[in-house]
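For reference, target36.txt (compact mmCIF, N, CA and C atoms):
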```
# COMPACT_ATOMS: atom_id res chain seq x y z
N MET Q 1 -72.84 -81.71 44.61
CA MET Q 1 -73.89 -80.92 44.02
C MET Q 1 -74.34 -79.81 44.98
N ARG Q 2 -74.51 -80.17 46.24
CA ARG Q 2 -74.96 -79.18 47.22
C ARG Q 2 -73.93 -78.06 47.39
N SER Q 3 -72.63 -78.42 47.43
CA SER Q 3 -71.62 -77.37 47.59
C SER Q 3 -71.59 -76.45 46.38
N ARG Q 4 -71.90 -76.98 45.20
CA ARG Q 4 -71.97 -76.14 44.00
C ARG Q 4 -73.10 -75.14 44.14
N ARG Q 5 -74.27 -75.61 44.62
CA ARG Q 5 -75.41 -74.71 44.81
C ARG Q 5 -75.07 -73.62 45.82
N MET Q 6 -74.39 -74.02 46.89
CA MET Q 6 -74.00 -73.04 47.91
C MET Q 6 -73.01 -72.05 47.32
N SER Q 7 -72.10 -72.55 46.50
CA SER Q 7 -71.11 -71.68 45.86
C SER Q 7 -71.80 -70.68 44.93
N VAL Q 8 -72.75 -71.16 44.14
CA VAL Q 8 -73.50 -70.28 43.26
C VAL Q 8 -74.29 -69.26 44.08
N GLN Q 9 -74.92 -69.72 45.15
CA GLN Q 9 -75.69 -68.82 46.00
C GLN Q 9 -74.80 -67.75 46.63
N SER Q 10 -73.63 -68.13 47.09
CA SER Q 10 -72.73 -67.14 47.69
C SER Q 10 -72.22 -66.16 46.64
N HIS Q 11 -72.05 -66.64 45.41
CA HIS Q 11 -71.64 -65.75 44.31
C HIS Q 11 -72.75 -64.74 44.02
N ILE Q 12 -73.98 -65.21 43.99
CA ILE Q 12 -75.12 -64.32 43.77
C ILE Q 12 -75.22 -63.29 44.90
N GLU Q 13 -75.01 -63.74 46.13
CA GLU Q 13 -75.05 -62.81 47.27
C GLU Q 13 -73.96 -61.76 47.15
N ALA Q 14 -72.77 -62.16 46.71
CA ALA Q 14 -71.68 -61.20 46.54
C ALA Q 14 -72.01 -60.20 45.45
N LEU Q 15 -72.57 -60.68 44.35
CA LEU Q 15 -72.97 -59.78 43.27
C LEU Q 15 -74.06 -58.81 43.73
N THR Q 16 -75.00 -59.31 44.50
CA THR Q 16 -76.07 -58.47 45.02
C THR Q 16 -75.52 -57.39 45.94
N ALA Q 17 -74.54 -57.75 46.74
CA ALA Q 17 -73.91 -56.76 47.62
C ALA Q 17 -73.17 -55.70 46.81
N LYS Q 18 -72.47 -56.12 45.76
CA LYS Q 18 -71.78 -55.16 44.90
C LYS Q 18 -72.78 -54.23 44.23
N HIS Q 19 -73.90 -54.79 43.79
CA HIS Q 19 -74.94 -53.99 43.15
C HIS Q 19 -75.48 -52.94 44.13
N ALA Q 20 -75.70 -53.34 45.37
CA ALA Q 20 -76.19 -52.40 46.39
C ALA Q 20 -75.17 -51.30 46.67
N THR Q 21 -73.90 -51.67 46.70
CA THR Q 21 -72.84 -50.67 46.91
C THR Q 21 -72.82 -49.66 45.77
N LEU Q 22 -72.96 -50.16 44.56
CA LEU Q 22 -72.98 -49.27 43.40
C LEU Q 22 -74.21 -48.36 43.43
N GLU Q 23 -75.34 -48.90 43.89
CA GLU Q 23 -76.56 -48.09 44.01
C GLU Q 23 -76.32 -46.93 45.00
N TYR Q 24 -75.64 -47.22 46.09
CA TYR Q 24 -75.31 -46.18 47.07
C TYR Q 24 -74.38 -45.14 46.45
N GLU Q 25 -73.35 -45.61 45.72
CA GLU Q 25 -72.41 -44.69 45.06
C GLU Q 25 -73.14 -43.82 44.04
N LEU Q 26 -74.05 -44.43 43.30
CA LEU Q 26 -74.81 -43.68 42.29
C LEU Q 26 -75.64 -42.59 42.96
N HIS Q 27 -76.34 -42.97 44.00
CA HIS Q 27 -77.16 -41.99 44.72
C HIS Q 27 -76.30 -40.85 45.27
N SER Q 28 -75.16 -41.19 45.85
CA SER Q 28 -74.26 -40.17 46.41
C SER Q 28 -73.77 -39.23 45.32
N GLU Q 29 -73.40 -39.79 44.18
CA GLU Q 29 -72.89 -38.96 43.07
C GLU Q 29 -74.00 -38.06 42.52
N GLN Q 30 -75.21 -38.58 42.40
CA GLN Q 30 -76.31 -37.79 41.87
C GLN Q 30 -76.72 -36.66 42.81
N CYS Q 31 -76.45 -36.81 44.09
CA CYS Q 31 -76.83 -35.80 45.07
C CYS Q 31 -75.79 -34.70 45.24
N ARG Q 32 -74.64 -34.87 44.62
CA ARG Q 32 -73.60 -33.84 44.73
C ARG Q 32 -74.03 -32.58 44.00
N PRO Q 33 -73.51 -31.43 44.41
CA PRO Q 33 -73.86 -30.17 43.72
C PRO Q 33 -73.50 -30.19 42.23
N SER Q 34 -72.37 -30.79 41.89
CA SER Q 34 -71.96 -30.90 40.48
C SER Q 34 -71.62 -32.35 40.19
N PRO Q 35 -72.62 -33.17 39.93
CA PRO Q 35 -72.35 -34.59 39.71
C PRO Q 35 -71.50 -34.83 38.46
N ASP Q 36 -70.65 -35.82 38.54
CA ASP Q 36 -69.78 -36.21 37.42
C ASP Q 36 -70.59 -37.17 36.54
N LEU Q 37 -71.03 -36.69 35.38
CA LEU Q 37 -71.88 -37.49 34.51
C LEU Q 37 -71.16 -38.71 33.97
N SER Q 38 -69.86 -38.61 33.78
CA SER Q 38 -69.07 -39.76 33.33
C SER Q 38 -69.05 -40.84 34.40
N ARG Q 39 -68.88 -40.44 35.64
CA ARG Q 39 -68.89 -41.39 36.76
C ARG Q 39 -70.27 -42.04 36.90
N ILE Q 40 -71.32 -41.25 36.77
CA ILE Q 40 -72.68 -41.78 36.85
C ILE Q 40 -72.89 -42.83 35.77
N SER Q 41 -72.47 -42.53 34.57
CA SER Q 41 -72.59 -43.47 33.46
C SER Q 41 -71.82 -44.76 33.73
N SER Q 42 -70.63 -44.63 34.27
CA SER Q 42 -69.80 -45.79 34.58
C SER Q 42 -70.46 -46.67 35.65
N ILE Q 43 -70.97 -46.04 36.68
CA ILE Q 43 -71.64 -46.78 37.76
C ILE Q 43 -72.86 -47.51 37.21
N LYS Q 44 -73.65 -46.83 36.40
CA LYS Q 44 -74.85 -47.45 35.83
C LYS Q 44 -74.48 -48.65 34.95
N ARG Q 45 -73.41 -48.51 34.20
CA ARG Q 45 -72.95 -49.61 33.34
C ARG Q 45 -72.54 -50.82 34.17
N ARG Q 46 -71.79 -50.57 35.24
CA ARG Q 46 -71.36 -51.67 36.12
C ARG Q 46 -72.55 -52.33 36.80
N LYS Q 47 -73.53 -51.52 37.23
CA LYS Q 47 -74.73 -52.09 37.84
C LYS Q 47 -75.46 -53.00 36.86
N LEU Q 48 -75.58 -52.56 35.61
CA LEU Q 48 -76.25 -53.36 34.60
C LEU Q 48 -75.49 -54.66 34.32
N GLU Q 49 -74.17 -54.59 34.27
CA GLU Q 49 -73.36 -55.80 34.06
C GLU Q 49 -73.59 -56.81 35.19
N ILE Q 50 -73.64 -56.31 36.41
CA ILE Q 50 -73.88 -57.20 37.56
C ILE Q 50 -75.29 -57.79 37.48
N LYS Q 51 -76.27 -56.96 37.18
CA LYS Q 51 -77.65 -57.45 37.07
C LYS Q 51 -77.75 -58.52 35.97
N ASP Q 52 -77.10 -58.27 34.85
CA ASP Q 52 -77.11 -59.26 33.75
C ASP Q 52 -76.45 -60.56 34.18
N GLU Q 53 -75.36 -60.47 34.93
CA GLU Q 53 -74.70 -61.69 35.39
C GLU Q 53 -75.58 -62.47 36.37
N ILE Q 54 -76.24 -61.76 37.26
CA ILE Q 54 -77.15 -62.42 38.20
C ILE Q 54 -78.26 -63.13 37.42
N ASN Q 55 -78.83 -62.45 36.44
CA ASN Q 55 -79.89 -63.06 35.62
C ASN Q 55 -79.37 -64.28 34.86
N ARG Q 56 -78.16 -64.20 34.34
CA ARG Q 56 -77.58 -65.32 33.60
C ARG Q 56 -77.41 -66.53 34.51
N ILE Q 57 -76.98 -66.29 35.71
CA ILE Q 57 -76.73 -67.39 36.66
C ILE Q 57 -78.05 -68.01 37.12
N THR Q 58 -79.06 -67.18 37.36
CA THR Q 58 -80.30 -67.67 37.94
C THR Q 58 -81.30 -68.20 36.92
N HIS Q 59 -81.08 -67.94 35.66
CA HIS Q 59 -82.06 -68.38 34.65
C HIS Q 59 -81.46 -69.31 33.64
```
Any chance you could put this one into structure tokens?
Amino acid sequence: MRSRRMSVQSHIEALTAKHATLEYELHSEQCRPSPDLSRISSIKRRKLEIKDEINRITH
């Protein structure tokens, strides 16, 4: 049981790290002189998917 909790926790930490990376990518793309709106949309969608997965796991 404890190893399962640790496994879930490490999965959540990995998802959180991916979310932070995407946040950085989003910020970088938005700061460009000519941001790619399609890329911004894709990054936002992936961030939301990760956030939803974290919520599903934790609730």
- Message: At a cut-off of 8 Å, using all atoms listed in the file, what residues contact stretch 39-47 of chain Q? Leave out same-chain residues fewer than 2 positions from it and give the result as a PyMOL selection string.
- Response: chain Q and resi 18-20+22-23+25-26+29-30+35-37+49-53
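For the atom pair formed by atom CA of Q:His27 and atom C of Q:Leu15, the distance is 17.1 Å, given to one decimal.
Relative to atom C of Q:Ile54, atom CA of Q:Ile12 is found at 7.2 Å.
Note that the spacing between atom CA of Q:Arg4 and atom CA of Q:Thr58 amounts to 13.3 Å.
Comparing Q:Ser28, Q:Ser34, Q:Val8, Q:Ala14 by their smallest distance to Q:Ile57, the closest is Q:Val8 (using only N, CA and C atoms).
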As an mmCIF file, in the frame of the given file, could you write out stretch 40-51 of chain Q once it has been completed with all heavy atoms?
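Saved the output as result29.cif:
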```cif
data_model
loop_
_atom_site.group_PDB
_atom_site.id
_atom_site.type_symbol
_atom_site.label_atom_id
_atom_site.label_comp_id
_atom_site.auth_asym_id
_atom_site.auth_seq_id
_atom_site.Cartn_x
_atom_site.Cartn_y
_atom_site.Cartn_z
ATOM 1 N N ILE Q 40 -71.320 -41.250 36.770
ATOM 2 C CA ILE Q 40 -72.680 -41.780 36.850
ATOM 3 C C ILE Q 40 -72.890 -42.830 35.770
ATOM 4 O O ILE Q 40 -73.417 -43.917 36.027
ATOM 5 C CB ILE Q 40 -73.718 -40.641 36.745
ATOM 6 C CG1 ILE Q 40 -73.710 -39.810 38.034
ATOM 7 C CG2 ILE Q 40 -75.118 -41.189 36.466
ATOM 8 C CD1 ILE Q 40 -74.562 -38.568 37.980
ATOM 9 N N SER Q 41 -72.470 -42.530 34.570
ATOM 10 C CA SER Q 41 -72.590 -43.470 33.460
ATOM 11 C C SER Q 41 -71.820 -44.760 33.730
ATOM 12 O O SER Q 41 -72.322 -45.856 33.478
ATOM 13 C CB SER Q 41 -72.089 -42.810 32.175
ATOM 14 O OG SER Q 41 -72.162 -43.691 31.104
ATOM 15 N N SER Q 42 -70.630 -44.630 34.270
ATOM 16 C CA SER Q 42 -69.800 -45.790 34.580
ATOM 17 C C SER Q 42 -70.460 -46.670 35.650
ATOM 18 O O SER Q 42 -70.481 -47.896 35.536
ATOM 19 C CB SER Q 42 -68.420 -45.331 35.051
ATOM 20 O OG SER Q 42 -67.641 -46.410 35.463
ATOM 21 N N ILE Q 43 -70.970 -46.040 36.680
ATOM 22 C CA ILE Q 43 -71.640 -46.780 37.760
ATOM 23 C C ILE Q 43 -72.860 -47.510 37.210
ATOM 24 O O ILE Q 43 -73.076 -48.688 37.513
ATOM 25 C CB ILE Q 43 -72.030 -45.829 38.917
ATOM 26 C CG1 ILE Q 43 -70.786 -45.283 39.610
ATOM 27 C CG2 ILE Q 43 -72.926 -46.551 39.936
ATOM 28 C CD1 ILE Q 43 -71.073 -44.141 40.583
ATOM 29 N N LYS Q 44 -73.650 -46.830 36.400
ATOM 30 C CA LYS Q 44 -74.850 -47.450 35.830
ATOM 31 C C LYS Q 44 -74.480 -48.650 34.950
ATOM 32 O O LYS Q 44 -75.146 -49.675 34.978
ATOM 33 C CB LYS Q 44 -75.645 -46.441 35.018
ATOM 34 C CG LYS Q 44 -76.401 -45.451 35.869
ATOM 35 C CD LYS Q 44 -77.198 -44.498 34.998
ATOM 36 C CE LYS Q 44 -78.036 -43.549 35.827
ATOM 37 N NZ LYS Q 44 -78.857 -42.652 34.984
ATOM 38 N N ARG Q 45 -73.410 -48.510 34.200
ATOM 39 C CA ARG Q 45 -72.950 -49.610 33.340
ATOM 40 C C ARG Q 45 -72.540 -50.820 34.170
ATOM 41 O O ARG Q 45 -72.896 -51.955 33.867
ATOM 42 C CB ARG Q 45 -71.805 -49.129 32.439
ATOM 43 C CG ARG Q 45 -71.391 -50.137 31.402
ATOM 44 C CD ARG Q 45 -70.435 -49.629 30.346
ATOM 45 N NE ARG Q 45 -69.438 -48.633 30.505
ATOM 46 C CZ ARG Q 45 -69.485 -47.294 30.692
ATOM 47 N NH1 ARG Q 45 -70.448 -46.710 30.785
ATOM 48 N NH2 ARG Q 45 -68.534 -46.488 30.800
ATOM 49 N N ARG Q 46 -71.790 -50.570 35.240
ATOM 50 C CA ARG Q 46 -71.360 -51.670 36.120
ATOM 51 C C ARG Q 46 -72.550 -52.330 36.800
ATOM 52 O O ARG Q 46 -72.593 -53.556 36.931
ATOM 53 C CB ARG Q 46 -70.339 -51.171 37.145
ATOM 54 C CG ARG Q 46 -69.020 -50.795 36.499
ATOM 55 C CD ARG Q 46 -67.898 -50.521 37.474
ATOM 56 N NE ARG Q 46 -68.323 -50.001 38.746
ATOM 57 C CZ ARG Q 46 -67.748 -49.000 39.402
ATOM 58 N NH1 ARG Q 46 -66.701 -48.403 38.913
ATOM 59 N NH2 ARG Q 46 -68.199 -48.608 40.562
ATOM 60 N N LYS Q 47 -73.530 -51.520 37.230
ATOM 61 C CA LYS Q 47 -74.730 -52.090 37.840
ATOM 62 C C LYS Q 47 -75.460 -53.000 36.860
ATOM 63 O O LYS Q 47 -75.891 -54.099 37.213
ATOM 64 C CB LYS Q 47 -75.687 -50.975 38.285
ATOM 65 C CG LYS Q 47 -75.340 -50.327 39.599
ATOM 66 C CD LYS Q 47 -76.371 -49.280 39.960
ATOM 67 C CE LYS Q 47 -77.740 -49.894 40.080
ATOM 68 N NZ LYS Q 47 -78.819 -48.960 40.345
ATOM 69 N N LEU Q 48 -75.580 -52.560 35.610
ATOM 70 C CA LEU Q 48 -76.250 -53.360 34.600
ATOM 71 C C LEU Q 48 -75.490 -54.660 34.320
ATOM 72 O O LEU Q 48 -76.101 -55.728 34.179
ATOM 73 C CB LEU Q 48 -76.412 -52.559 33.311
ATOM 74 C CG LEU Q 48 -77.168 -53.245 32.172
ATOM 75 C CD1 LEU Q 48 -78.558 -53.670 32.624
ATOM 76 C CD2 LEU Q 48 -77.234 -52.334 30.967
ATOM 77 N N GLU Q 49 -74.170 -54.590 34.270
ATOM 78 C CA GLU Q 49 -73.360 -55.800 34.060
ATOM 79 C C GLU Q 49 -73.590 -56.810 35.190
ATOM 80 O O GLU Q 49 -73.733 -58.008 34.934
ATOM 81 C CB GLU Q 49 -71.874 -55.443 33.979
ATOM 82 C CG GLU Q 49 -71.485 -54.714 32.709
ATOM 83 C CD GLU Q 49 -70.078 -54.148 32.753
ATOM 84 O OE1 GLU Q 49 -69.389 -54.244 33.800
ATOM 85 O OE2 GLU Q 49 -69.649 -53.584 31.729
ATOM 86 N N ILE Q 50 -73.640 -56.310 36.410
ATOM 87 C CA ILE Q 50 -73.880 -57.200 37.560
ATOM 88 C C ILE Q 50 -75.290 -57.790 37.480
ATOM 89 O O ILE Q 50 -75.479 -58.993 37.682
ATOM 90 C CB ILE Q 50 -73.658 -56.449 38.885
ATOM 91 C CG1 ILE Q 50 -72.170 -56.154 39.067
ATOM 92 C CG2 ILE Q 50 -74.205 -57.244 40.067
ATOM 93 C CD1 ILE Q 50 -71.846 -55.230 40.222
ATOM 94 N N LYS Q 51 -76.270 -56.960 37.180
ATOM 95 C CA LYS Q 51 -77.650 -57.450 37.070
ATOM 96 C C LYS Q 51 -77.750 -58.520 35.970
ATOM 97 O O LYS Q 51 -78.398 -59.555 36.165
ATOM 98 C CB LYS Q 51 -78.590 -56.287 36.759
ATOM 99 C CG LYS Q 51 -80.034 -56.670 36.732
ATOM 100 C CD LYS Q 51 -80.899 -55.446 36.509
ATOM 101 C CE LYS Q 51 -82.355 -55.844 36.448
ATOM 102 N NZ LYS Q 51 -83.215 -54.684 36.233
#
```
